[in-house]
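So this one's target_9.txt, compact mmCIF, C-alpha atoms and all ligand atoms:
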```
# COMPACT_ATOMS: atom_id res chain seq x y z
CA MET A 12 165.70 43.41 -121.85
CA LYS A 13 168.51 45.82 -122.47
CA THR A 14 171.03 46.23 -119.64
CA VAL A 15 173.31 49.24 -119.58
CA LYS A 16 176.39 49.20 -117.33
CA LEU A 17 177.80 52.04 -115.31
CA ASP A 18 181.13 52.09 -113.50
CA ALA A 19 180.82 54.25 -110.38
CA ARG A 20 183.69 52.66 -108.47
CA ASN A 21 186.01 54.74 -106.28
CA LEU A 22 183.45 57.51 -106.07
CA LEU A 23 181.98 58.63 -102.79
CA CYS A 24 178.33 59.48 -102.26
CA PRO A 25 176.61 61.41 -103.62
CA MET A 26 178.72 61.08 -106.81
CA PRO A 27 177.51 57.53 -107.65
CA VAL A 28 173.91 58.73 -107.23
CA ILE A 29 174.59 61.67 -109.54
CA ARG A 30 176.12 59.31 -112.14
CA VAL A 31 173.11 57.00 -111.95
CA GLN A 32 170.72 59.95 -112.17
CA ASN A 33 172.44 61.43 -115.21
CA ARG A 34 172.60 58.08 -117.00
CA VAL A 35 168.94 57.30 -116.24
CA LEU A 36 167.99 60.61 -117.87
CA GLU A 37 169.36 59.32 -121.17
CA LEU A 38 167.63 55.92 -121.00
CA ASP A 39 164.20 54.74 -122.09
CA PRO A 40 161.69 53.51 -119.49
CA GLY A 41 162.09 49.81 -118.84
CA THR A 42 165.85 49.81 -119.45
CA LEU A 43 167.98 48.16 -116.80
CA LEU A 44 170.97 50.11 -115.50
CA GLU A 45 173.58 48.11 -113.62
CA ALA A 46 175.78 50.36 -111.48
CA THR A 47 178.97 49.04 -109.91
CA CYS A 48 179.99 51.06 -106.85
CA THR A 49 182.44 50.81 -103.96
CA ASP A 50 180.97 53.26 -101.43
CA PRO A 51 178.58 51.32 -99.18
CA GLY A 52 176.55 54.53 -98.84
CA VAL A 53 174.97 53.67 -102.21
CA LEU A 54 173.02 50.85 -100.55
CA ASN A 55 170.88 53.57 -99.01
CA ASP A 56 171.22 56.47 -101.36
CA ILE A 57 170.48 54.82 -104.73
CA PRO A 58 167.29 53.12 -103.48
CA ALA A 59 166.16 56.40 -101.83
CA TRP A 60 166.81 58.29 -105.06
CA CYS A 61 164.86 55.65 -107.01
CA ARG A 62 161.88 55.76 -104.65
CA ILE A 63 161.68 59.54 -104.98
CA ASN A 64 162.05 59.67 -108.70
CA GLY A 65 159.89 56.73 -109.74
CA HIS A 66 162.48 54.08 -110.61
CA ARG A 67 162.86 50.61 -109.17
CA ILE A 68 165.74 48.58 -107.77
CA VAL A 69 165.53 45.08 -109.22
CA ASP A 70 168.72 43.61 -107.85
CA THR A 71 171.46 44.35 -105.33
CA ARG A 72 174.51 42.16 -104.93
CA VAL A 73 177.91 42.33 -103.34
CA GLU A 74 180.94 40.99 -105.21
CA GLY A 75 184.16 41.36 -103.27
CA SER A 76 184.41 45.06 -102.50
CA ASP A 77 181.89 46.02 -105.19
CA TYR A 78 178.22 46.80 -104.66
CA ILE A 79 176.26 46.12 -107.83
CA ILE A 80 172.84 47.71 -108.01
CA THR A 81 170.43 47.23 -110.90
CA VAL A 82 167.86 49.96 -111.50
CA LYS A 83 164.86 49.64 -113.77
CA VAL A 84 164.16 53.00 -115.35
CA GLY A 85 160.62 54.13 -114.53
CA GLU A 86 158.01 55.84 -116.67
CA CYS A 87 158.41 59.30 -115.20
CA SER A 88 161.33 61.15 -116.59
CA ASN A 89 163.59 62.90 -114.15
CA GLU A 90 163.66 66.37 -115.62
CA MET B 23 144.60 79.37 -108.48
CA THR B 24 143.71 77.77 -111.76
CA GLU B 25 146.92 76.39 -113.18
CA LYS B 26 149.18 74.41 -110.84
CA ARG B 27 152.34 76.44 -110.45
CA LYS B 28 155.75 74.82 -110.18
CA ALA B 29 158.54 75.74 -107.79
CA VAL B 30 162.00 74.38 -107.22
CA VAL B 31 163.41 74.43 -103.69
CA LEU B 32 167.11 74.51 -102.84
CA VAL B 33 167.50 71.52 -100.55
CA SER B 34 170.49 71.44 -98.23
CA GLY B 35 169.20 68.56 -96.16
CA GLY B 36 168.55 70.71 -93.10
CA LEU B 37 165.31 71.71 -91.44
CA ASP B 38 164.80 75.14 -93.01
CA SER B 39 164.58 74.00 -96.62
CA LEU B 40 162.35 71.11 -95.56
CA LEU B 41 159.92 73.54 -93.93
CA ALA B 42 160.10 76.10 -96.73
CA ALA B 43 159.22 73.42 -99.28
CA LYS B 44 156.38 72.12 -97.12
CA VAL B 45 154.85 75.58 -96.66
CA VAL B 46 154.74 76.13 -100.42
CA GLN B 47 153.61 72.58 -101.17
CA ASP B 48 150.71 73.05 -98.74
CA GLN B 49 149.51 75.93 -100.87
CA GLY B 50 148.97 73.62 -103.81
CA VAL B 51 152.22 74.35 -105.62
CA HIS B 52 154.07 71.48 -107.35
CA VAL B 53 157.50 71.44 -105.69
CA GLU B 54 160.69 69.64 -106.72
CA GLY B 55 164.08 69.89 -105.05
CA ILE B 56 167.57 70.71 -106.24
CA ASN B 57 170.60 69.78 -104.23
CA PHE B 58 173.98 71.10 -105.31
CA TYR B 59 177.08 69.02 -104.74
CA THR B 60 180.12 71.25 -104.32
CA GLY B 61 182.64 68.69 -103.04
CA PHE B 62 182.66 70.41 -99.64
CA CYS B 63 179.27 69.11 -98.55
CA VAL B 64 179.29 67.34 -95.21
CA GLU B 65 176.76 64.97 -96.68
CA GLY B 66 177.77 61.54 -97.75
CA HIS B 67 181.48 61.22 -97.44
CA THR B 68 182.68 61.12 -93.92
CA HIS B 69 180.29 58.43 -92.86
CA ALA B 70 181.49 56.34 -95.77
CA ILE B 71 185.12 56.81 -94.82
CA ARG B 72 185.29 56.49 -91.06
CA LYS B 73 184.67 53.07 -89.73
CA SER B 74 183.70 54.47 -86.36
CA ASP B 75 180.78 56.25 -88.01
CA LYS B 76 179.44 53.01 -89.43
CA ALA B 77 176.94 52.59 -86.62
CA ARG B 78 175.18 55.82 -87.54
CA PRO B 79 172.50 55.50 -90.17
CA LYS B 80 173.97 56.25 -93.55
CA ARG B 81 171.50 58.67 -94.89
CA ASN B 82 171.73 61.41 -97.43
CA ASN B 83 169.71 64.15 -95.78
CA ALA B 84 168.69 65.85 -99.02
CA LEU B 85 167.20 62.57 -100.25
CA TRP B 86 165.55 62.09 -96.88
CA VAL B 87 163.95 65.55 -97.08
CA ALA B 88 162.66 64.84 -100.59
CA GLU B 89 161.17 61.58 -99.42
CA GLN B 90 159.40 63.22 -96.49
CA LEU B 91 157.75 65.60 -98.90
CA GLY B 92 157.11 63.09 -101.66
CA MET B 93 158.95 65.30 -104.13
CA LYS B 94 161.55 64.62 -106.78
CA LEU B 95 165.14 65.61 -106.08
CA HIS B 96 167.71 66.57 -108.67
CA ILE B 97 171.29 66.35 -107.41
CA ILE B 98 173.57 68.55 -109.44
CA ASP B 99 177.34 68.29 -109.60
CA ILE B 100 178.75 71.84 -109.53
CA ILE B 101 182.26 70.88 -108.40
CA GLU B 102 184.09 72.60 -111.27
CA GLU B 103 182.07 75.81 -111.46
CA TYR B 104 182.04 76.16 -107.69
CA LYS B 105 185.82 76.55 -107.57
CA ASN B 106 185.55 80.15 -108.62
CA VAL B 107 183.15 80.81 -105.72
CA VAL B 108 185.63 79.41 -103.19
CA LEU B 109 188.74 80.88 -104.78
CA ASN B 110 187.51 84.38 -105.61
CA PRO B 111 184.50 85.31 -103.51
CA LYS B 112 183.46 88.85 -104.40
CA HIS B 113 181.88 89.30 -100.97
CA GLY B 114 184.71 87.61 -99.09
CA TYR B 115 184.69 84.84 -96.52
CA GLY B 116 182.78 84.33 -93.29
CA ALA B 117 184.40 83.29 -90.01
CA ASN B 118 186.35 80.58 -91.87
CA LEU B 119 186.83 79.93 -95.58
CA ASN B 120 183.07 79.86 -96.14
CA PRO B 121 182.06 82.20 -98.96
CA CYS B 122 178.40 81.99 -97.91
CA LEU B 123 177.07 85.06 -99.68
CA ASP B 124 178.71 84.27 -103.02
CA CYS B 125 177.70 80.65 -102.57
CA LYS B 126 174.03 81.56 -102.11
CA VAL B 127 174.13 83.91 -105.10
CA PHE B 128 175.72 81.20 -107.22
CA MET B 129 173.28 78.47 -106.18
CA VAL B 130 170.23 80.66 -106.71
CA SER B 131 171.56 81.68 -110.12
CA LYS B 132 171.99 78.00 -111.04
CA ALA B 133 168.43 77.39 -109.84
CA ARG B 134 167.25 80.27 -112.01
CA GLU B 135 168.86 78.68 -115.06
CA TRP B 136 167.26 75.38 -114.07
CA ILE B 137 163.72 76.76 -113.81
CA GLU B 138 164.11 78.41 -117.21
CA ARG B 139 165.21 75.13 -118.78
CA ASN B 140 162.53 73.09 -117.09
CA GLY B 141 159.54 75.40 -117.28
CA PHE B 142 159.18 76.07 -113.55
CA ASP B 143 157.74 79.30 -112.19
CA PHE B 144 159.77 80.28 -109.15
CA ILE B 145 162.52 79.41 -106.66
CA VAL B 146 162.16 78.66 -102.96
CA THR B 147 164.85 78.73 -100.28
CA GLY B 148 164.76 78.14 -96.54
CA GLU B 149 166.58 81.40 -95.78
CA VAL B 150 165.54 83.34 -92.69
CA VAL B 151 166.38 87.03 -92.13
CA GLY B 152 169.09 87.35 -89.51
CA GLN B 153 169.64 83.61 -89.15
CA ARG B 154 173.24 83.57 -90.29
CA PRO B 155 175.74 86.37 -89.82
CA MET B 156 176.90 86.56 -93.41
CA SER B 157 174.43 85.43 -96.02
CA GLN B 158 171.13 85.79 -94.22
CA ARG B 159 171.17 89.39 -93.00
CA LYS B 160 168.47 91.89 -93.86
CA GLU B 161 170.96 93.75 -96.09
CA THR B 162 172.29 90.67 -97.86
CA MET B 163 169.03 88.93 -98.72
CA PRO B 164 168.27 91.41 -101.54
CA VAL B 165 171.86 90.90 -102.77
CA VAL B 166 171.14 87.19 -103.31
CA SER B 167 167.93 88.01 -105.22
CA SER B 168 169.47 90.62 -107.46
CA GLU B 169 172.96 89.25 -108.12
CA SER B 170 171.59 85.81 -108.93
CA GLY B 171 169.22 87.36 -111.45
CA ALA B 172 166.31 85.61 -109.74
CA ASP B 173 164.92 88.94 -108.44
CA ASP B 174 161.34 88.57 -107.37
CA LEU B 175 161.14 84.97 -108.51
CA LEU B 176 162.93 84.07 -105.28
CA LEU B 177 160.56 83.31 -102.41
CA ARG B 178 161.65 82.67 -98.81
CA PRO B 179 158.48 81.26 -97.27
CA LEU B 180 159.86 81.22 -93.71
CA SER B 181 160.69 84.93 -93.74
CA ALA B 182 158.51 86.27 -96.55
CA ARG B 183 156.47 88.57 -94.36
CA ASN B 184 159.60 90.47 -93.39
CA LEU B 185 160.62 90.90 -96.99
CA PRO B 186 159.24 92.78 -100.01
CA GLU B 187 156.46 91.03 -101.89
CA THR B 188 157.63 88.66 -104.61
CA LEU B 189 156.03 87.72 -107.91
CA PRO B 190 154.48 84.44 -106.66
CA GLU B 191 152.74 86.46 -103.91
CA ARG B 192 151.63 89.28 -106.21
CA GLU B 193 150.27 86.84 -108.75
CA GLY B 194 148.40 84.88 -106.10
CA TRP B 195 150.36 81.66 -106.73
CA VAL B 196 150.93 81.63 -102.98
CA TYR B 197 149.16 83.59 -100.24
CA ARG B 198 151.40 85.91 -98.30
CA GLU B 199 149.21 85.55 -95.18
CA GLN B 200 150.02 81.84 -95.13
CA LEU B 201 153.76 82.45 -95.28
CA HIS B 202 155.88 83.14 -92.21
CA GLY B 203 157.71 86.09 -90.72
CA PHE B 204 160.57 84.36 -88.91
CA SER B 205 163.67 86.38 -88.15
CA GLY B 206 166.77 86.25 -86.00
CA ARG B 207 169.02 83.50 -84.81
CA SER B 208 166.51 81.60 -82.72
CA ARG B 209 165.60 78.16 -84.03
CA LYS B 210 162.45 77.99 -81.92
CA PRO B 211 159.95 78.98 -84.64
CA GLN B 212 161.37 76.35 -87.00
CA ILE B 213 161.36 73.69 -84.33
CA SER B 214 157.75 74.41 -83.44
CA LEU B 215 156.70 74.45 -87.11
CA ALA B 216 158.45 71.11 -87.59
CA LYS B 217 156.50 69.75 -84.66
CA GLN B 218 153.28 71.03 -86.15
CA TYR B 219 154.03 69.17 -89.37
CA GLY B 220 155.14 66.06 -87.51
CA PHE B 221 158.77 66.12 -88.69
CA ASP B 222 161.02 64.85 -85.94
CA ASP B 223 164.02 63.06 -87.37
CA TYR B 224 165.52 65.97 -89.30
CA ALA B 225 169.26 66.69 -89.52
CA GLN B 226 170.68 69.52 -87.47
CA PRO B 227 174.13 70.39 -88.78
CA ALA B 228 176.06 72.43 -86.24
CA GLY B 229 177.96 75.06 -88.20
CA GLY B 230 176.49 75.04 -91.64
CA CYS B 231 175.94 72.89 -94.64
CA CYS B 232 179.58 72.43 -95.62
CA PHE B 233 183.14 71.82 -94.43
CA LEU B 234 184.15 75.38 -95.30
CA THR B 235 182.50 76.59 -92.08
CA ASP B 236 184.80 74.30 -90.09
CA ALA B 237 187.85 76.09 -88.62
CA ASN B 238 190.05 73.03 -88.73
CA TYR B 239 189.16 72.19 -92.32
CA SER B 240 189.70 75.81 -93.38
CA ALA B 241 193.15 75.83 -91.74
CA LYS B 242 194.12 72.78 -93.81
CA LEU B 243 192.79 74.36 -96.98
CA SER B 244 194.69 77.59 -96.44
CA ASP B 245 197.83 75.59 -95.69
CA LEU B 246 197.35 73.84 -99.03
CA TRP B 247 197.13 77.15 -100.88
CA GLN B 248 200.03 78.68 -99.00
CA THR B 249 202.42 75.81 -99.57
CA ARG B 250 201.48 75.47 -103.23
CA GLY B 251 202.00 79.18 -103.70
CA GLU B 252 198.65 79.52 -105.46
CA LYS B 253 194.97 79.36 -104.69
CA HIS B 254 193.82 76.30 -106.53
CA TYR B 255 192.35 72.86 -105.80
CA GLU B 256 191.18 69.64 -107.38
CA LEU B 257 188.43 67.40 -106.01
CA ASP B 258 191.00 64.91 -104.70
CA ASP B 259 192.71 67.67 -102.70
CA ILE B 260 189.57 68.71 -100.89
CA MET B 261 188.49 65.12 -100.27
CA LEU B 262 191.86 64.31 -98.70
CA LEU B 263 191.54 67.28 -96.36
CA LYS B 264 188.56 65.52 -94.79
CA VAL B 265 190.54 62.41 -93.95
CA GLY B 266 193.32 61.59 -91.50
CA ARG B 267 195.73 63.61 -89.38
CA HIS B 268 197.58 66.18 -91.45
CA LEU B 269 201.05 67.06 -90.12
CA ARG B 270 203.55 69.43 -91.66
CA PRO B 271 206.97 68.84 -90.07
CA ARG B 272 208.77 70.92 -92.72
CA PRO B 273 207.47 73.59 -95.09
CA HIS B 274 208.11 71.44 -98.17
CA PHE B 275 206.13 68.37 -97.21
CA LYS B 276 203.05 67.21 -95.37
CA VAL B 277 202.17 63.76 -94.03
CA ILE B 278 198.60 62.44 -93.98
CA ILE B 279 198.19 59.67 -91.41
CA ALA B 280 195.03 57.57 -91.23
CA ARG B 281 193.35 57.67 -87.83
CA GLU B 282 191.65 54.32 -88.15
CA GLU B 283 191.02 51.39 -90.45
CA GLY B 284 188.28 53.02 -92.52
CA GLU B 285 190.55 55.96 -93.27
CA SER B 286 193.46 53.64 -94.12
CA ARG B 287 191.21 51.91 -96.64
CA PHE B 288 190.15 55.22 -98.12
CA LEU B 289 193.76 56.47 -98.37
CA GLN B 290 194.79 53.24 -100.10
CA GLY B 291 192.97 54.57 -103.16
CA TYR B 292 195.60 57.33 -103.35
CA ARG B 293 198.72 55.14 -103.10
CA LYS B 294 199.61 55.62 -106.76
CA GLN B 295 199.58 59.40 -106.45
CA PHE B 296 201.76 59.71 -103.34
CA SER B 297 204.84 58.19 -101.76
CA HIS B 298 203.49 56.22 -98.83
CA LEU B 299 204.49 54.31 -95.74
CA GLU B 300 203.10 51.29 -93.94
CA THR B 301 204.38 49.73 -90.74
CA VAL B 302 205.62 46.16 -91.12
CA SER B 303 206.71 45.06 -87.66
CA HIS B 304 203.59 46.37 -85.90
CA THR B 305 200.03 47.22 -86.77
CA GLY B 306 199.87 50.81 -87.88
CA PRO B 307 198.21 53.37 -90.10
CA LEU B 308 198.79 54.05 -93.77
CA ALA B 309 200.51 57.41 -94.35
CA LEU B 310 200.77 59.46 -97.54
CA VAL B 311 203.55 61.97 -98.16
CA ASP B 312 202.64 65.16 -100.01
CA GLY B 313 205.78 66.92 -101.28
CA ASP B 314 209.28 66.15 -102.52
CA VAL B 315 211.35 64.59 -99.79
CA ASP B 316 214.93 63.35 -99.45
CA ALA B 317 216.26 60.41 -97.43
CA GLU B 318 216.64 62.47 -94.28
CA ASP B 319 213.04 63.74 -94.52
CA MET B 320 211.82 60.18 -95.10
CA GLU B 321 213.57 58.98 -91.97
CA LEU B 322 211.78 61.68 -89.98
CA ILE B 323 208.45 60.75 -91.59
CA ALA B 324 209.01 57.08 -90.78
CA ARG B 325 209.69 57.94 -87.14
CA LEU B 326 206.53 60.06 -87.08
CA VAL B 327 204.36 57.31 -88.59
CA ALA B 328 205.90 54.78 -86.18
CA ARG B 329 204.74 57.02 -83.35
CA TYR B 330 201.14 56.47 -84.47
CA SER B 331 201.57 52.68 -84.74
CA LYS B 332 201.12 49.99 -82.12
CA GLY B 333 204.92 49.98 -81.79
CA ARG B 334 205.05 53.51 -80.42
CA GLY B 335 206.51 52.32 -77.11
CA GLU B 336 209.11 50.04 -78.73
CA LYS B 337 212.73 50.84 -79.44
CA GLN B 338 212.41 50.15 -83.16
CA VAL B 339 209.65 49.88 -85.73
CA GLU B 340 210.09 48.61 -89.27
CA LEU B 341 208.24 50.31 -92.11
CA GLU B 342 207.92 49.81 -95.83
CA VAL B 343 208.31 52.94 -97.93
CA THR B 344 206.97 53.04 -101.48
CA GLY B 345 208.17 55.84 -103.72
CA LEU B 346 206.18 57.55 -106.45
CA ASP B 347 207.93 55.26 -108.95
CA GLY B 348 206.58 52.23 -107.07
CA VAL B 349 210.03 51.22 -105.80
CA ARG B 350 209.90 49.89 -102.24
CA HIS B 351 212.42 49.82 -99.47
CA ARG B 352 212.36 49.18 -95.76
CA LEU B 353 213.37 51.44 -92.91
CA THR B 354 213.84 50.56 -89.27
CA VAL B 355 213.50 53.57 -87.01
CA ALA B 356 212.93 54.67 -83.44
CA PRO B 357 209.42 56.12 -83.04
CA LEU B 358 209.39 59.82 -82.23
CA LEU B 359 208.61 60.61 -78.62
CA ALA B 360 205.51 62.66 -77.85
CA HIS B 361 207.54 65.77 -76.99
CA GLU B 362 209.40 65.51 -80.30
CA ILE B 363 206.20 66.27 -82.22
CA PRO B 364 205.55 70.00 -81.79
CA GLY B 365 201.90 71.04 -81.78
CA THR B 366 202.64 73.37 -84.68
CA TRP B 367 203.11 70.37 -87.01
CA LEU B 368 199.47 69.44 -86.71
CA LEU B 369 197.33 71.29 -89.22
S1 LIG A 401 177.91 76.87 -95.39
FE1 LIG A 401 178.91 76.27 -97.30
S2 LIG A 401 177.26 75.50 -98.62
FE2 LIG A 401 176.30 76.66 -96.96
S3 LIG A 401 176.07 78.75 -97.78
FE3 LIG A 401 178.01 78.71 -96.68
S4 LIG A 401 179.54 78.20 -98.24
FE4 LIG A 401 177.54 77.66 -99.09
```
Re-express the file's structure as structure tokens.
Amino acid sequence: MKTVKLDARNLLCPMPVIRVQNRVLELDPGTLLEATCTDPGVLNDIPAWCRINGHRIVDTRVEGSDYIITVKVGECSNE
Amino acid sequence: MTEKRKAVVLVSGGLDSLLAAKVVQDQGVHVEGINFYTGFCVEGHTHAIRKSDKARPKRNNALWVAEQLGMKLHIIDIIEEYKNVVLNPKHGYGANLNPCLDCKVFMVSKAREWIERNGFDFIVTGEVVGQRPMSQRKETMPVVSSESGADDLLLRPLSARNLPETLPEREGWVYREQLHGFSGRSRKPQISLAKQYGFDDYAQPAGGCCFLTDANYSAKLSDLWQTRGEKHYELDDIMLLKVGRHLRPRPHFKVIIAREEGESRFLQGYRKQFSHLETVSHTGPLALVDGDVDAEDMELIARLVARYSKGRGEKQVELEVTGLDGVRHRLTVAPLLAHEIPGTWLL
């Protein structure tokens, strides 16, 4: 499966969510988007955004000061 | 109603837009939310920065509202375009540097563009006649409708019965009798409607939805414009105004001193852009220097920063100073005494 990476480090919420949202809009359903963030707020905000908009979190890990969240793009488009 | 109509609601994260969306949703309309991110929003940042706020649930209220209603939420970055609203508000500012009327006009006009692009029928806001002194007065509500170009595509379900009929009402997309006629500053009708719907954990921001309604924040922003000699800002500028103690001992420089560990960590991200100081002999905050300073100024800054360190009661505190060129040197100074820091330094 294709994995697309997104660097959202040094951005504060809601900017990482906006970056994820805008990238997801360009991706096909089923694609994996791996976002690397530093604001711990993303641990709540990205999953909440996914639940609302029909996408799924498949993995969350912490590496040093980075939070790496993998989103599987859902069927419903965002716009 | 044959065809399911579609509305977009401006979601701030507060109670009013939650209720407005719910009222319209309950009439069978498909509702989605838009949340605009201006850079001044109270949402998000501060809890991420301040360690002391860590205990509070980290929740983005706009996302929370959308989840309560089971609707999609589109978060839109308007940082760049919004500058003109803050810098040149046609209708002026409110009690602080909040350009509420221009802000509302701008956001509704962006929503109008959005509904055109996305095939939606009308716009919903949580505005209530007389609720806020500037943007939600009986005289200013039509200004928002007309200057935004939304005209009668803008429905305020909480106050609709006090306002002229809009297109969604005329067309029967929503029933006017099922809309509300709230007015005035009282929050009681909203609180009781929330109770009726079973919403109880909603956010209740004190002043408004953004930092521009905060007197202290506005004072720091006007200081920034004054000392730069022009009204202008970048995102980093307005983010930094939310963090730390800002002191201006001399007109040509300002010192930003972290108040706690979380803020020190946040300010570390700016070390390349500013000369900065850290205490060496004692635990202390990170401090950034904004402005061109000479050796004498730096000595004063070091004494000021030492005052906010654990060594404040000592005779001498050692600090490391890093210049903009990355060159480091150490200074040993006597911390300033409390009475040597005039209240006027604090922005
Ligand atoms: S409080 Fe801030 S975001 Fe809300 S209307 Fe006023 S200027 Fe706009």
Point-to-point distance in Å for CA of Lys126 (chain B) and CA of Gln47 (chain B):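 We find that CA of Gln47 (chain B) and CA of Lys126 (chain B) lie 22.3 Å from each other.
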Counting only C-alpha atoms, chain A residues within 9 Å of chain B, as an MDAnalysis selection string: chainID A and resid 21 23:26 28:29 32 50:52 54:56 59:60 62:65 89:90
For CA of Arg67 (chain A) and CA of Gly85 (chain A), the interatomic separation in Å (one decimal):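 Computed distance, CA of Arg67 (chain A) to CA of Gly85 (chain A), equals 6.8 Å.
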Distance in Å - atom FE3 of ligand LIG 401 (chain A) versus CA of Asp173 (chain B): 20.4 Å
Non-local contacts of Leu269 (chain B) (7 Å; all atoms listed in the file; under 3 positions in same chain excluded) as a list of chain:residue names: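 The contact residues come out as B:Lys276, B:Val277, B:Ile278, B:Trp367, B:Leu368, B:Leu369.
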Surrounding residues of Thr249 (chain B) excluding itself and chain neighbours under 5 positions, 9 Å, all atoms listed in the file, as a list in words: Ser244, Pro273, His274 and Phe275 of chain B
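The closest residue to ligand LIG 401 (chain A), picked from B:Gly116, B:Gly55, B:Pro121, B:Pro211 and counting only C-alpha atoms and all ligand atoms, is B:Pro121.
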Residue nearest ligand LIG 401 (chain A) - candidates B:Arg198, B:Lys105, B:Ala42, B:Glu25, atoms counted: all atoms listed in the file: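 Closest to ligand LIG 401 (chain A), using all atoms listed in the file: B:Lys105.
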Protein and nucleic residues near ligand LIG 401 (chain A), 7 Å, all atoms listed in the file, as a list in words: Cys63, Asn120, Pro121, Cys122, Leu123, Cys125, Lys126, Gly230, Cys231, Cys232, Phe233, Leu234 and Thr235 of chain B
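Residues in contact with Val31 (chain A) at up to 10 Å, not including ones fewer than 2 positions away on its chain and judged by only C-alpha atoms, are Leu17, Asp18, Ala19, Met26, Pro27, Val28, Ile29, Asn33, Arg34, Val35, Leu36, Leu44, Glu45, Ala46, Ile57, Trp60, Cys61 and Val82 of chain A.
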Spatial sel., origin (164.9, 82.3, -100.2), limit 7 Å, only C-alpha atoms, listed as number ranges by chain: B: 146-149, 176-178
Would you mind exporting C-alpha atoms of the selected residues as a tab-separated table (two decimals), in the frame of the given file?
```
chain	number	residue	atom	x	y	z
B	146	VAL	CA	162.16	78.66	-102.96
B	147	THR	CA	164.85	78.73	-100.28
B	148	GLY	CA	164.76	78.14	-96.54
B	149	GLU	CA	166.58	81.40	-95.78
B	176	LEU	CA	162.93	84.07	-105.28
B	177	LEU	CA	160.56	83.31	-102.41
B	178	ARG	CA	161.65	82.67	-98.81
```
Top pick for closest residue to Ala324 (chain B), considering B:Pro190, B:Pro155, B:Gly36, B:Pro271 and counting all atoms listed in the file: B:Pro271
For Ser76 (chain A), the nearest of the candidates A:Met12, A:Leu22, A:Cys48, A:Val53, counting all atoms listed in the file: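 Closest to Ser76 (chain A), using all atoms listed in the file: A:Cys48.
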